[in-house]
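S.K.: What follows is a single structure, and I will ask about it in a moment.
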Amino acid sequence: MTDPRTLAEHINRGLRDLVLVLRRVSLGQPITTQQMAVLGSLEAGPRRMSDLAAEHGVRLPTMTRQIGRLLRDGLVVRGRYADDARVVTVELTPAGGERLLRARERRIDHLTERLMALSEDERGTIEAALPALAKLFADS
């Protein structure tokens, strides 16, 4: 059994490689990987700007700039919290949902091709690891 520190190093390296692969797949797309992540955060409904910034690990001014670009492109709309008009919310537009879907499909298609190159046993190993990975990556 690998010690947790060594395992963490391997996971860190693997995640870095995966992120780079997915970024390369996204080259030439109308949205960046960061914009895709923000749009994905809005799928469940409107969100507060401060909550988005916290989720993505950025400061509020950084998220505000990111939202500004999405707003300019018609992918999100701003709103106000019903109980407190000072609170700014952001919501996905139909165009934003469609753009997210297309970008996600491209990533999934690429990953499907990569998975098809693995043996059935290798795919089974990855599938078996998914519950533990979900637990590892869950917010604590």
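Lettering and numbering for the structure tokens are positional, with chains as A, B, ... in the shown order, residues counted from 1 in each chain, and ligands counted from 1 in the shown order.
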List as a Markdown table every residue of stretch 76-135 of chain A that is in contact with stretch 26-34 of chain A, defined as an atom at most 8 Å from one of its atoms (using only C-alpha atoms), together with the nearest atom pair and the distance in Å rounded to one decimal, sorted by chain and then rising number.

M.R.:
| residue | atom | partner | partner_atom | distance |
| --- | --- | --- | --- | --- |
| A:Arg99 | CA | A:Ile31 | CA | 7.8 |
| A:Ala103 | CA | A:Gln29 | CA | 7.3 |
| A:Arg106 | CA | A:Ser26 | CA | 7.8 |
| A:Arg107 | CA | A:Ser26 | CA | 7.5 |

S.K.: Could you check how far atom CA of A:Ala44 sits from atom CA of A:Val90, in Å to one decimal?

M.R.: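 Computing it gives 11.5 Å between the two atoms.
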
S.K.: List the spatial neighbours of A:Val77 as a PyMOL selection string - criterion: any atom at most 9 Å away, only C-alpha atoms, same-chain residues fewer than 6 positions off excluded.

M.R.: chain A and resi 67+70-71+89-93

S.K.: DSSP on the backbone, alpha helix (DSSP H) only: what residues of chain A does that give? Format it as a ChimeraX atom specification.

M.R.: /A:4-26,33-41,49-56,60-72,94-116,120-137

S.K.: Have a look at A:Ala129, A:Leu52, A:Met36, A:Val87 and name the one nearest to A:Leu22; count only C-alpha atoms.

M.R.: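 Between A:Ala129, A:Leu52, A:Met36, A:Val87, the residue approaching A:Leu22 most closely is A:Met36.
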
S.K.: Looking at A:Arg48, A:Asp3, A:Gly96, A:Arg102, which one is nearest to A:Arg72, with distances taken over only C-alpha atoms?

M.R.: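 Using only C-alpha atoms, the shortest distance to A:Arg72 belongs to A:Gly96.
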
S.K.: Smallest atom-to-atom distance to A:Ala95: which of A:Thr112, A:Arg59, A:Leu39, A:Ala128, using only C-alpha atoms?

M.R.: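 Of the candidates, the smallest distance to A:Ala95 is held by A:Leu39.
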
S.K.: Which of these residues is nearest to A:Pro94, using only C-alpha atoms: A:Gly45, A:Glu113, A:Asp121, A:Arg80?

M.R.: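 The closest residue to A:Pro94 is A:Gly45.
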
S.K.: What separation in Å, quoted to one decimal, exists between atom CA of A:Tyr81 and atom CA of A:Gly97?

M.R.: 21.2 Å

S.K.: Please report the interatomic distance between atom CA of A:Thr62 and atom CA of A:Val19 in Å with one decimal.

M.R.: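 Distance between the two atoms: 20.6 Å.
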